[in-house]
Amino acid sequence: MSGKNKSVADIMAVCQEMFEDLNFNYARKWKAAKEGRKVIGFLPVYSPIEMIHAAGCLPLGIFGGGDQMEVIHGDAYYQSYICRIPRSTIELGVTNRLDFVDGMIFPFVCDVIRNLSGIWKLMFPNVWSKFFDTPQNYDKSIGGTYYIQELQELKEGLETLTGRKISDADIQRSIGLYNENRRLIREVYAFRAKQPWLAPTSEVYVLMRAGLMMDVEEHNQMLKDYMAAAAKEDRPKRDNVRISIYGSFCEQPPLNLIKSIEMAGCYVVDDDYSLNNRFLMVDVPTTGNPLEALAITYLENSVETSCKYVPDGKVKGQFHVDAVKACGAEGVIYATPSFCDPALLDRPMVCNKLSEAGIPYIAFKYAENSGQMQPIREQAGTFADSIKLWS
Amino acid sequence: MSKPEAVKEPSMDMQKAMIARNYEAITSKHETGRKVSNTFVPGNLNELLMCFDIVNNLPEINAIQAGMRKASGGYIMEAEKSGHSEDVCTYVKADIGQMSKGNIAPNGKPYPVPDVLMLSYTGCYTFMKWFELLREEYKCPTLMLHVPYEGDGHSTKNMRDYIVKQLKEVVIPGLEQVSGVKFDIDRLRQYLKNSAKAEDDLVWCLEQGKVKPSPIDAYFGGVYYIGPIFTAFRGTEDAVSYYEMLRKEVQGRIENHQGPMTPEGTYFNDQKYRLIVEGPPNWTNFREFWKMFYDEGAVVVASSYTKVGGLYDQGFRHDPDNPLESLADYCLGCYTNLNLPTRVDLLAKYVEEYEADGLLINSIKSCNSFSAGQLMIMKEVERRTGRPGAFIETDLVDPRYFSAANVKNRLESYFQMIEQKRRGGGSKTVAA
């Protein structure tokens, strides 16, 4: 699917196709290519995908149904005042779009995703499913000890599912591949922050989403190809403002929303879209006990996002301020899915911190199937103008 | 003409006096020098806090108090004006909005700045954000006790060890530092002994919902029954006395073939429908809501809300012989920390054991911990028991989301459905 000398258009065609494919044909083909292969779905925000990979399975990111799928059955499970991602995920399930998935991991995110894990157990009792709880205590001897054992239990669950043992070497190899993936992702982000006109976020976003549905080695090559191809593109630099987008870590916005923000005069130079494969911010050690390596990296070097506790109140939100400065953004759009408790409760705290740092921001809500982009475009455009005129 | 006062039973008067004393203790901290902790109801560590002479203040209860006094609507609007979303938990907004209105407790005195925020993170993600928000306001230390969710339907040794370790290495040293009092495990054992005794009597009372006519209302009456044990009194001699008194009252009603007392002071004996209720009640229109049930002859014989602070009826007791492990087990076993299949099992069991006509769900708009997935719960319980379920929607303390006409209509339809089911022979139950 990828290779050297591919153009941006070639790469984007592949990514776009995967992004739109709610039958997950890539994963189906991957599974069918070799007998005994298994696919494990995982939801936002963070699951240790290295473990899935080490078990010989394909980690498949499930990000709801987006704006292309009509939710009919899912509405019978979740009330109207609950965000859309659980309903469209159920819709994916009951319409047999996930009938080839052998297991599901529901990570810590919020009460809705937590309860969705139970619904899955009731609806699909033959599918192995796991609620994966990561520690909110970041002390090595407390949260670390707990997390290592949770990883051990996850490992044993995967071993039972696949019928094969996972060795330390298996995990270390997977960690190595995902380290490379994370390094390349950081490079793409740095490339975009430096020259956002060459790497629009509407492209980078689908590039990252595709990575959560495909073989990691293939994605690593794709990232390299993209950077090489994007650098060669002849794209004009516009008089856009540089903005960061936060608050969108779980339910993802429609692609048109991202495009609308860009069309309104904003270069998105940082975001927290589909955090999974960049949740850990540094390389995970590939020597020693791999479970310990994953646990300690999570404790010490994972992103600050709304579903994590910040033990020190003085630094709450500072992560976002630092990120804004690091990427040279001139303002922040705090964009949150409707009814998203973690992000909406975080919003006043994060935005207060931005204000203290003199960083302008605006906030709005969306749903994965939001269709009306005019208000978003107007709001983002006004924000961009205000930065140009007064900041 | 002012509304008539609710008629109260002796145990309710006793509880009212206990709550008043606690509010006095909270609001007089500057005079007494006692330390105050804010903490949450599910998974609270009341016995442990008492070991450090710390007074327990519960923001959820304060929001309920504000709701019942019709003050929460204004507080919520105030919080929304200051940037809080209309979508999030209304307990949080009532609490935060109250601050900007002087932060006045029910006794008319201002709530003090707490000395510590004891964040027992059990069964609700919002708790974590709530205390991060309060930490910004109060600038006081926060002690986090992370209680893992029972996602696979049971707790594990790893979860328990993690909680005990946090108690030993984070919570207890933190409380020692805040209070200046050294931890004494024997003191904790004594409080836990009191807890277990009160828990025995509470369980006895709740299980009398199996009697016909039911001498209790396990939802509207139930919120009074659980008051002391879920809040600042578990472990106290007061709580032991309260549950002894409550038990005698319930026993007296059984002997006289009486139902529970309504707020109007009449015994609710003519019970046509026996219900299991899932979800918290609405607090802003609590009496009106309750009246809709007894006016139609519906008594609640068991509820999940009365398990949000512990599933004592399923056998859990605080254990003085294993004090810290017992606190860990308590935190893990609170109702909303159980996964959905376990909640379904429990509710279906209640329907059968309490010979109920069906399951009614009061879905709370701003409480995802309870509400997310309740439609599935209803369907599953219906499927397993063969008895009809119904769904109503209200909110905790936001009066904008209580539509009396809608709720009444839905309840009436539900009762008709139960009647039809009875006529069709689909229900195993008969009128009490």
# chains A, B, ... in the order shown; residues from 1 in each chain; ligands from 1
>>> closest_atom_pairs(of="chain B", to="chain A", cutoff="7 Å", atoms="only C-alpha atoms", output="Markdown table")
| residue | atom | partner | partner_atom | distance |
| --- | --- | --- | --- | --- |
| B:Gly83 | CA | A:Pro348 | CA | 6.3 |
| B:His84 | CA | A:Pro348 | CA | 6.7 |
| B:Ser85 | CA | A:Leu344 | CA | 6.3 |
| B:Asp87 | CA | A:Phe339 | CA | 5.1 |
| B:Val88 | CA | A:Asp341 | CA | 5.7 |
| B:Cys124 | CA | A:Asp111 | CA | 6.4 |
| B:Tyr125 | CA | A:Cys110 | CA | 5.7 |
| B:Thr126 | CA | A:Asp341 | CA | 6.9 |
| B:Met128 | CA | A:Tyr309 | CA | 6.7 |
| B:Lys129 | CA | A:Leu345 | CA | 6.1 |
| B:Arg135 | CA | A:Gly313 | CA | 6.7 |
| B:Glu136 | CA | A:Gly313 | CA | 6.8 |
| B:His146 | CA | A:Gln136 | CA | 6.1 |
| B:Pro148 | CA | A:Asp133 | CA | 6.6 |
| B:Gly151 | CA | A:Phe131 | CA | 5.2 |
| B:Asp152 | CA | A:Lys130 | CA | 6.9 |
| B:Asn158 | CA | A:Tyr146 | CA | 6.2 |
| B:Tyr162 | CA | A:Tyr146 | CA | 5.8 |
| B:Lys165 | CA | A:Ile142 | CA | 6.5 |
| B:Gln166 | CA | A:Ile142 | CA | 6.8 |
| B:Asn339 | CA | A:Gly118 | CA | 5.6 |
| B:Leu340 | CA | A:Gly118 | CA | 4.7 |
| B:Pro341 | CA | A:Gly118 | CA | 5.9 |
| B:Lys365 | CA | A:Tyr81 | CA | 6.5 |
| B:Asn368 | CA | A:Asp111 | CA | 5.8 |
| B:Ser369 | CA | A:Asp111 | CA | 5.0 |
| B:Ala372 | CA | A:Val112 | CA | 5.4 |
| B:Gly373 | CA | A:Tyr78 | CA | 5.6 |
| B:Leu375 | CA | A:Tyr77 | CA | 5.0 |
| B:Met376 | CA | A:Tyr77 | CA | 5.4 |
>>> select_by_dssp(residues="stretch 194-242 of chain A", states="alpha helix (DSSP H)", output="ChimeraX atom specification")
/A:194,201-211,216-232
>>> residues_around(residues="B:Leu202", least_positions_apart="3", cutoff="9 Å", atoms="only C-alpha atoms", output="PyMOL selection string")
chain B and resi 197-199+205-207+225-226+229+243-244+246-247+312-313
>>> write_last_selection(atoms="N, CA and C atoms", output="JSON list (two decimals), in the first residue's frame")
[["chain", "number", "residue", "atom", "x", "y", "z"],
["B", 197, "LYS", "N", -22.18, -3.07, 62.88],
["B", 197, "LYS", "CA", -23.43, -3.22, 63.65],
["B", 197, "LYS", "C", -24.56, -2.43, 62.98],
["B", 198, "ALA", "N", -24.26, -1.20, 62.62],
["B", 198, "ALA", "CA", -25.28, -0.37, 61.95],
["B", 198, "ALA", "C", -25.66, -0.99, 60.60],
["B", 199, "GLU", "N", -24.67, -1.54, 59.92],
["B", 199, "GLU", "CA", -24.93, -2.15, 58.59],
["B", 199, "GLU", "C", -25.88, -3.35, 58.73],
["B", 205, "CYS", "N", -33.55, -3.75, 57.70],
["B", 205, "CYS", "CA", -34.64, -2.81, 57.30],
["B", 205, "CYS", "C", -34.89, -2.90, 55.80],
["B", 206, "LEU", "N", -33.82, -2.86, 55.01],
["B", 206, "LEU", "CA", -34.01, -2.87, 53.55],
["B", 206, "LEU", "C", -34.67, -4.17, 53.08],
["B", 207, "GLU", "N", -34.34, -5.26, 53.75],
["B", 207, "GLU", "CA", -34.89, -6.55, 53.31],
["B", 207, "GLU", "C", -36.36, -6.72, 53.66],
["B", 225, "TYR", "N", -33.17, 6.23, 54.96],
["B", 225, "TYR", "CA", -32.58, 5.08, 55.65],
["B", 225, "TYR", "C", -31.05, 5.03, 55.46],
["B", 226, "ILE", "N", -30.62, 5.40, 54.27],
["B", 226, "ILE", "CA", -29.17, 5.30, 54.01],
["B", 226, "ILE", "C", -28.40, 6.53, 54.48],
["B", 229, "ILE", "N", -25.54, 6.14, 57.19],
["B", 229, "ILE", "CA", -24.47, 5.17, 56.90],
["B", 229, "ILE", "C", -23.66, 5.57, 55.66],
["B", 243, "TYR", "N", -29.93, 3.31, 63.61],
["B", 243, "TYR", "CA", -30.43, 2.10, 62.92],
["B", 243, "TYR", "C", -31.20, 1.18, 63.88],
["B", 244, "GLU", "N", -30.88, 1.24, 65.16],
["B", 244, "GLU", "CA", -31.69, 0.49, 66.12],
["B", 244, "GLU", "C", -33.10, 1.08, 66.16],
["B", 246, "LEU", "N", -34.53, 2.87, 63.75],
["B", 246, "LEU", "CA", -35.20, 2.63, 62.47],
["B", 246, "LEU", "C", -35.76, 1.20, 62.43],
["B", 247, "ARG", "N", -34.97, 0.29, 62.91],
["B", 247, "ARG", "CA", -35.40, -1.12, 62.90],
["B", 247, "ARG", "C", -36.68, -1.30, 63.72],
["B", 312, "TYR", "N", -24.35, -3.53, 51.16],
["B", 312, "TYR", "CA", -24.37, -4.30, 52.40],
["B", 312, "TYR", "C", -25.33, -5.48, 52.30],
["B", 313, "ASP", "N", -26.39, -5.34, 51.52],
["B", 313, "ASP", "CA", -27.37, -6.43, 51.46],
["B", 313, "ASP", "C", -26.81, -7.65, 50.72]]
>>> select_by_dssp(residues="stretch 30-202 of chain A", states="strand (DSSP E or B)", output="ChimeraX atom specification")
/A:39-42,58-61,103-107,128-132
>>> write_last_selection(atoms="C-alpha atoms", output="compact mmCIF listing (two decimals), in the first residue's frame")
# COMPACT_ATOMS: atom_id res chain seq x y z
CA VAL A 39 -7.88 -8.65 15.44
CA ILE A 40 -8.29 -6.71 18.69
CA GLY A 41 -10.31 -3.50 18.66
CA PHE A 42 -9.51 -0.68 21.03
CA LEU A 58 -3.71 -6.53 14.71
CA PRO A 59 -4.62 -3.59 16.94
CA LEU A 60 -7.67 -1.93 15.37
CA GLY A 61 -8.61 1.57 16.47
CA GLY A 103 -11.45 -8.95 21.22
CA MET A 104 -12.13 -5.43 22.41
CA ILE A 105 -10.24 -3.23 24.83
CA PHE A 106 -12.11 -0.39 26.49
CA PRO A 107 -9.57 1.91 28.08
CA TRP A 128 -13.20 -11.30 24.61
CA SER A 129 -13.47 -7.82 26.08
CA LYS A 130 -11.47 -6.01 28.67
CA PHE A 131 -11.87 -2.75 30.53
CA PHE A 132 -8.31 -1.52 30.86
>>> closest_residue(among="A:Leu92, A:Met281, A:Ala9, A:Ala199", to="A:Lys237", atoms="only C-alpha atoms")
A:Ala199
>>> residues_around(residues="B:Asn362", least_positions_apart="5", cutoff="6 Å", atoms="only C-alpha atoms", output="ChimeraX atom specification")
/B:279,392-393
>>> write_last_selection(atoms="all heavy atoms", output="compact mmCIF listing (two decimals), in the first residue's frame")
# COMPACT_ATOMS: atom_id res chain seq x y z
N GLY B 279 -31.35 4.06 39.65
CA GLY B 279 -30.95 5.46 39.43
C GLY B 279 -31.31 6.35 40.61
O GLY B 279 -32.19 6.03 41.40
N ILE B 392 -37.98 6.74 32.87
CA ILE B 392 -38.31 8.17 32.97
C ILE B 392 -37.00 8.94 33.05
O ILE B 392 -35.96 8.37 33.38
CB ILE B 392 -39.20 8.49 34.20
CG1 ILE B 392 -38.57 7.94 35.50
CG2 ILE B 392 -40.60 7.95 34.01
CD1 ILE B 392 -39.33 8.31 36.75
N GLU B 393 -37.05 10.22 32.73
CA GLU B 393 -35.83 11.02 32.72
C GLU B 393 -36.03 12.28 33.56
O GLU B 393 -36.99 13.02 33.34
CB GLU B 393 -35.46 11.42 31.28
CG GLU B 393 -35.06 10.22 30.44
CD GLU B 393 -34.76 10.55 28.99
OE1 GLU B 393 -35.16 11.64 28.53
OE2 GLU B 393 -34.15 9.72 28.31
>>> atom_distance(atom1="atom CA of B:Asn194", atom2="atom CA of B:Ala239")
8.0 Å
>>> residues_around(residues="B:Ala348", least_positions_apart="2", cutoff="8 Å", atoms="only C-alpha atoms", output="PDB file with N, CA and C atoms, in the first residue's frame")
ATOM      1  N   VAL B 344     -27.002  -5.574  36.094  1.00  0.00           N
ATOM      2  CA  VAL B 344     -28.181  -6.285  35.547  1.00  0.00           C
ATOM      3  C   VAL B 344     -28.521  -7.488  36.425  1.00  0.00           C
ATOM      4  N   ASP B 345     -27.495  -8.265  36.773  1.00  0.00           N
ATOM      5  CA  ASP B 345     -27.718  -9.446  37.635  1.00  0.00           C
ATOM      6  C   ASP B 345     -28.418  -9.043  38.925  1.00  0.00           C
ATOM      7  N   LEU B 346     -27.902  -7.969  39.512  1.00  0.00           N
ATOM      8  CA  LEU B 346     -28.435  -7.534  40.807  1.00  0.00           C
ATOM      9  C   LEU B 346     -29.890  -7.086  40.688  1.00  0.00           C
ATOM     10  N   TYR B 350     -33.244  -8.636  42.310  1.00  0.00           N
ATOM     11  CA  TYR B 350     -34.193  -7.874  43.134  1.00  0.00           C
ATOM     12  C   TYR B 350     -35.623  -8.077  42.638  1.00  0.00           C
ATOM     13  N   VAL B 351     -35.808  -8.012  41.327  1.00  0.00           N
ATOM     14  CA  VAL B 351     -37.160  -8.179  40.778  1.00  0.00           C
ATOM     15  C   VAL B 351     -37.746  -9.512  41.244  1.00  0.00           C
ATOM     16  N   GLU B 352     -36.938 -10.556  41.191  1.00  0.00           N
ATOM     17  CA  GLU B 352     -37.418 -11.885  41.591  1.00  0.00           C
ATOM     18  C   GLU B 352     -37.599 -11.968  43.106  1.00  0.00           C
ATOM     19  N   VAL B 381     -33.074  -6.750  31.931  1.00  0.00           N
ATOM     20  CA  VAL B 381     -33.857  -7.165  33.110  1.00  0.00           C
ATOM     21  C   VAL B 381     -35.246  -7.627  32.673  1.00  0.00           C
ATOM     22  N   ARG B 384     -34.902 -11.103  31.182  1.00  0.00           N
ATOM     23  CA  ARG B 384     -34.625 -12.175  32.137  1.00  0.00           C
ATOM     24  C   ARG B 384     -35.805 -12.465  33.065  1.00  0.00           C
ATOM     25  N   THR B 385     -36.540 -11.419  33.430  1.00  0.00           N
ATOM     26  CA  THR B 385     -37.594 -11.607  34.437  1.00  0.00           C
ATOM     27  C   THR B 385     -38.980 -11.749  33.813  1.00  0.00           C
TER      28      THR B 385
END
>>> residues_around(residues="A:Lys6", least_positions_apart="2", cutoff="12 Å", atoms="only C-alpha atoms", output="mmCIF file with all heavy atoms, in the first residue's frame")
data_model
loop_
_atom_site.group_PDB
_atom_site.id
_atom_site.type_symbol
_atom_site.label_atom_id
_atom_site.label_comp_id
_atom_site.auth_asym_id
_atom_site.auth_seq_id
_atom_site.Cartn_x
_atom_site.Cartn_y
_atom_site.Cartn_z
ATOM 1 N N MET A 1 0.814 -1.208 0.000
ATOM 2 C CA MET A 1 0.000 0.000 0.000
ATOM 3 C C MET A 1 0.850 1.262 0.000
ATOM 4 O O MET A 1 0.381 2.338 -0.310
ATOM 5 C CB MET A 1 -0.904 0.029 1.230
ATOM 6 C CG MET A 1 -2.156 -0.787 1.032
ATOM 7 S SD MET A 1 -3.348 -0.348 2.254
ATOM 8 C CE MET A 1 -4.673 -1.438 1.811
ATOM 9 N N SER A 2 2.068 1.124 0.527
ATOM 10 C CA SER A 2 2.910 2.310 0.495
ATOM 11 C C SER A 2 4.261 1.927 -0.079
ATOM 12 O O SER A 2 4.573 0.766 -0.267
ATOM 13 C CB SER A 2 3.072 2.884 1.903
ATOM 14 O OG SER A 2 3.711 1.939 2.708
ATOM 15 N N GLY A 3 5.057 2.892 -0.334
ATOM 16 C CA GLY A 3 6.364 2.623 -0.907
ATOM 17 C C GLY A 3 7.030 3.918 -1.277
ATOM 18 O O GLY A 3 6.434 4.977 -1.180
ATOM 19 N N LYS A 4 8.284 3.842 -1.699
ATOM 20 C CA LYS A 4 9.011 5.063 -2.030
ATOM 21 C C LYS A 4 8.429 5.699 -3.280
ATOM 22 O O LYS A 4 7.798 5.030 -4.094
ATOM 23 C CB LYS A 4 10.486 4.722 -2.224
ATOM 24 C CG LYS A 4 11.180 4.490 -0.886
ATOM 25 C CD LYS A 4 12.627 4.171 -1.053
ATOM 26 C CE LYS A 4 13.232 3.918 0.327
ATOM 27 N NZ LYS A 4 14.552 3.384 0.247
ATOM 28 N N VAL A 8 1.874 12.670 -2.297
ATOM 29 C CA VAL A 8 0.938 12.930 -1.196
ATOM 30 C C VAL A 8 -0.447 12.433 -1.587
ATOM 31 O O VAL A 8 -1.152 11.810 -0.777
ATOM 32 C CB VAL A 8 0.924 14.448 -0.866
ATOM 33 C CG1 VAL A 8 -0.260 14.790 0.033
ATOM 34 C CG2 VAL A 8 2.221 14.863 -0.179
ATOM 35 N N ALA A 9 -0.826 12.682 -2.825
ATOM 36 C CA ALA A 9 -2.154 12.263 -3.280
ATOM 37 C C ALA A 9 -2.316 10.746 -3.180
ATOM 38 O O ALA A 9 -3.366 10.246 -2.756
ATOM 39 C CB ALA A 9 -2.389 12.729 -4.713
ATOM 40 N N ASP A 10 -1.261 9.995 -3.550
ATOM 41 C CA ASP A 10 -1.325 8.523 -3.456
ATOM 42 C C ASP A 10 -1.534 8.084 -2.005
ATOM 43 O O ASP A 10 -2.367 7.227 -1.706
ATOM 44 C CB ASP A 10 -0.023 7.877 -3.956
ATOM 45 C CG ASP A 10 0.212 8.112 -5.440
ATOM 46 O OD1 ASP A 10 -0.784 8.330 -6.154
ATOM 47 O OD2 ASP A 10 1.388 8.084 -5.864
ATOM 48 N N ILE A 11 -0.737 8.686 -1.133
ATOM 49 C CA ILE A 11 -0.798 8.286 0.293
ATOM 50 C C ILE A 11 -2.162 8.672 0.867
ATOM 51 O O ILE A 11 -2.804 7.892 1.577
ATOM 52 C CB ILE A 11 0.354 8.946 1.081
ATOM 53 C CG1 ILE A 11 1.698 8.448 0.536
ATOM 54 C CG2 ILE A 11 0.245 8.642 2.570
ATOM 55 C CD1 ILE A 11 2.900 9.281 0.962
ATOM 56 N N MET A 12 -2.595 9.871 0.525
ATOM 57 C CA MET A 12 -3.880 10.329 1.058
ATOM 58 C C MET A 12 -5.039 9.474 0.545
ATOM 59 O O MET A 12 -6.017 9.260 1.257
ATOM 60 C CB MET A 12 -4.107 11.799 0.687
ATOM 61 C CG MET A 12 -3.366 12.771 1.554
ATOM 62 S SD MET A 12 -3.761 12.522 3.293
ATOM 63 C CE MET A 12 -2.180 11.977 3.918
ATOM 64 N N ALA A 13 -4.908 8.982 -0.658
ATOM 65 C CA ALA A 13 -5.987 8.146 -1.201
ATOM 66 C C ALA A 13 -6.145 6.884 -0.356
ATOM 67 O O ALA A 13 -7.266 6.464 -0.033
ATOM 68 C CB ALA A 13 -5.674 7.775 -2.655
ATOM 69 N N VAL A 14 -5.001 6.318 0.040
ATOM 70 C CA VAL A 14 -5.044 5.115 0.884
ATOM 71 C C VAL A 14 -5.635 5.455 2.257
ATOM 72 O O VAL A 14 -6.528 4.758 2.765
ATOM 73 C CB VAL A 14 -3.619 4.524 1.051
ATOM 74 C CG1 VAL A 14 -3.615 3.374 2.041
ATOM 75 C CG2 VAL A 14 -3.072 4.093 -0.295
ATOM 76 N N GLN A 221 6.502 3.105 7.369
ATOM 77 C CA GLN A 221 6.950 3.440 6.010
ATOM 78 C C GLN A 221 6.095 4.566 5.437
ATOM 79 O O GLN A 221 6.602 5.490 4.794
ATOM 80 C CB GLN A 221 6.862 2.186 5.119
ATOM 81 C CG GLN A 221 7.418 2.384 3.718
ATOM 82 C CD GLN A 221 8.887 2.800 3.731
ATOM 83 O OE1 GLN A 221 9.725 2.180 4.396
ATOM 84 N NE2 GLN A 221 9.207 3.886 3.018
ATOM 85 N N MET A 222 4.806 4.478 5.723
ATOM 86 C CA MET A 222 3.881 5.490 5.198
ATOM 87 C C MET A 222 4.203 6.889 5.739
ATOM 88 O O MET A 222 4.149 7.888 5.015
ATOM 89 C CB MET A 222 2.451 5.095 5.576
ATOM 90 C CG MET A 222 1.383 5.950 4.969
ATOM 91 S SD MET A 222 -0.238 5.436 5.575
ATOM 92 C CE MET A 222 -0.876 4.616 4.141
ATOM 93 N N LEU A 223 4.580 6.937 7.022
ATOM 94 C CA LEU A 223 4.933 8.228 7.628
ATOM 95 C C LEU A 223 6.165 8.819 6.955
ATOM 96 O O LEU A 223 6.225 10.020 6.664
ATOM 97 C CB LEU A 223 5.169 8.060 9.137
ATOM 98 C CG LEU A 223 3.937 7.713 9.976
ATOM 99 C CD1 LEU A 223 4.354 7.260 11.384
ATOM 100 C CD2 LEU A 223 2.978 8.893 10.086
ATOM 101 N N LYS A 224 7.138 7.950 6.708
ATOM 102 C CA LYS A 224 8.364 8.423 6.029
ATOM 103 C C LYS A 224 8.021 8.911 4.616
ATOM 104 O O LYS A 224 8.476 9.980 4.183
ATOM 105 C CB LYS A 224 9.393 7.279 5.931
ATOM 106 C CG LYS A 224 10.022 6.897 7.255
ATOM 107 C CD LYS A 224 10.965 5.706 7.047
ATOM 108 C CE LYS A 224 11.187 4.974 8.349
ATOM 109 N NZ LYS A 224 11.738 3.632 8.168
ATOM 110 N N ASP A 225 7.213 8.119 3.935
ATOM 111 C CA ASP A 225 6.826 8.492 2.566
ATOM 112 C C ASP A 225 6.097 9.836 2.554
ATOM 113 O O ASP A 225 6.302 10.674 1.685
ATOM 114 C CB ASP A 225 5.884 7.424 1.972
ATOM 115 C CG ASP A 225 6.600 6.109 1.729
ATOM 116 O OD1 ASP A 225 7.843 6.108 1.721
ATOM 117 O OD2 ASP A 225 5.900 5.086 1.559
ATOM 118 N N TYR A 226 5.211 9.991 3.559
ATOM 119 C CA TYR A 226 4.421 11.224 3.591
ATOM 120 C C TYR A 226 5.324 12.440 3.772
ATOM 121 O O TYR A 226 5.197 13.439 3.039
ATOM 122 C CB TYR A 226 3.376 11.170 4.706
ATOM 123 C CG TYR A 226 2.614 12.476 4.811
ATOM 124 C CD1 TYR A 226 1.603 12.786 3.898
ATOM 125 C CD2 TYR A 226 2.936 13.433 5.776
ATOM 126 C CE1 TYR A 226 0.926 13.999 3.961
ATOM 127 C CE2 TYR A 226 2.268 14.643 5.840
ATOM 128 C CZ TYR A 226 1.264 14.926 4.936
ATOM 129 O OH TYR A 226 0.603 16.136 4.976
ATOM 130 N N MET A 227 6.245 12.349 4.725
ATOM 131 C CA MET A 227 7.115 13.507 4.967
ATOM 132 C C MET A 227 7.948 13.837 3.734
ATOM 133 O O MET A 227 8.117 15.004 3.379
ATOM 134 C CB MET A 227 8.009 13.258 6.172
ATOM 135 C CG MET A 227 7.298 13.589 7.481
ATOM 136 S SD MET A 227 8.357 13.404 8.912
ATOM 137 C CE MET A 227 8.540 11.653 8.988
ATOM 138 N N ALA A 228 8.439 12.784 3.098
ATOM 139 C CA ALA A 228 9.258 13.009 1.895
ATOM 140 C C ALA A 228 8.403 13.651 0.797
ATOM 141 O O ALA A 228 8.840 14.618 0.139
ATOM 142 C CB ALA A 228 9.834 11.680 1.416
ATOM 143 N N ALA A 229 7.209 13.137 0.621
ATOM 144 C CA ALA A 229 6.341 13.651 -0.444
ATOM 145 C C ALA A 229 5.834 15.060 -0.127
ATOM 146 O O ALA A 229 5.782 15.933 -1.005
ATOM 147 C CB ALA A 229 5.171 12.694 -0.666
ATOM 148 N N ALA A 230 5.452 15.284 1.132
ATOM 149 C CA ALA A 230 4.881 16.590 1.506
ATOM 150 C C ALA A 230 5.919 17.697 1.340
ATOM 151 O O ALA A 230 5.588 18.825 0.942
ATOM 152 C CB ALA A 230 4.373 16.548 2.944
ATOM 153 N N LYS A 232 8.047 17.948 -0.823
ATOM 154 C CA LYS A 232 8.231 18.289 -2.238
ATOM 155 C C LYS A 232 7.033 19.016 -2.840
ATOM 156 O O LYS A 232 7.072 19.477 -3.972
ATOM 157 C CB LYS A 232 8.488 16.995 -3.037
ATOM 158 C CG LYS A 232 9.881 16.431 -2.842
ATOM 159 C CD LYS A 232 10.112 15.304 -3.827
ATOM 160 C CE LYS A 232 10.324 14.006 -3.072
ATOM 161 N NZ LYS A 232 10.058 12.810 -3.804
ATOM 162 N N GLU A 233 5.937 19.051 -2.108
ATOM 163 C CA GLU A 233 4.704 19.650 -2.649
ATOM 164 C C GLU A 233 4.868 21.163 -2.838
ATOM 165 O O GLU A 233 5.517 21.834 -2.015
ATOM 166 C CB GLU A 233 3.536 19.411 -1.689
ATOM 167 C CG GLU A 233 3.040 17.990 -1.659
ATOM 168 C CD GLU A 233 2.165 17.632 -2.847
ATOM 169 O OE1 GLU A 233 1.139 18.316 -3.026
ATOM 170 O OE2 GLU A 233 2.510 16.675 -3.582
#
>>> closest_residue(among="A:Ala264, A:Gln318, A:Gly328, A:Asp271", to="A:Phe383", atoms="only C-alpha atoms")
A:Ala264
>>> residues_around(residues="A:Ala231", least_positions_apart="6", cutoff="9 Å", atoms="only C-alpha atoms", output="mmCIF file with all heavy atoms, in the first residue's frame")
data_model
loop_
_atom_site.group_PDB
_atom_site.id
_atom_site.type_symbol
_atom_site.label_atom_id
_atom_site.label_comp_id
_atom_site.auth_asym_id
_atom_site.auth_seq_id
_atom_site.Cartn_x
_atom_site.Cartn_y
_atom_site.Cartn_z
ATOM 1 N N PHE A 191 7.257 18.583 11.675
ATOM 2 C CA PHE A 191 7.251 19.061 10.284
ATOM 3 C C PHE A 191 6.041 19.976 10.055
ATOM 4 O O PHE A 191 6.145 21.061 9.483
ATOM 5 C CB PHE A 191 7.196 17.829 9.359
ATOM 6 C CG PHE A 191 7.072 18.129 7.892
ATOM 7 C CD1 PHE A 191 8.149 18.598 7.166
ATOM 8 C CD2 PHE A 191 5.860 17.931 7.230
ATOM 9 C CE1 PHE A 191 8.038 18.869 5.802
ATOM 10 C CE2 PHE A 191 5.735 18.200 5.877
ATOM 11 C CZ PHE A 191 6.827 18.664 5.161
ATOM 12 N N GLN A 195 6.173 23.859 9.047
ATOM 13 C CA GLN A 195 5.659 24.272 7.731
ATOM 14 C C GLN A 195 4.217 23.783 7.541
ATOM 15 O O GLN A 195 3.961 22.861 6.759
ATOM 16 C CB GLN A 195 6.549 23.684 6.622
ATOM 17 C CG GLN A 195 7.983 24.221 6.658
ATOM 18 C CD GLN A 195 8.888 23.394 5.766
ATOM 19 O OE1 GLN A 195 9.169 22.240 6.053
ATOM 20 N NE2 GLN A 195 9.317 23.989 4.663
ATOM 21 N N LEU A 198 2.547 22.930 4.254
ATOM 22 C CA LEU A 198 2.929 21.711 3.531
ATOM 23 C C LEU A 198 2.262 20.447 4.092
ATOM 24 O O LEU A 198 2.219 19.422 3.422
ATOM 25 C CB LEU A 198 4.454 21.530 3.553
ATOM 26 C CG LEU A 198 5.276 22.566 2.801
ATOM 27 C CD1 LEU A 198 6.764 22.218 2.886
ATOM 28 C CD2 LEU A 198 4.849 22.652 1.326
ATOM 29 N N ALA A 199 1.798 20.549 5.314
ATOM 30 C CA ALA A 199 1.176 19.360 5.937
ATOM 31 C C ALA A 199 -0.117 19.782 6.622
ATOM 32 O O ALA A 199 -0.171 19.902 7.846
ATOM 33 C CB ALA A 199 2.142 18.740 6.944
#
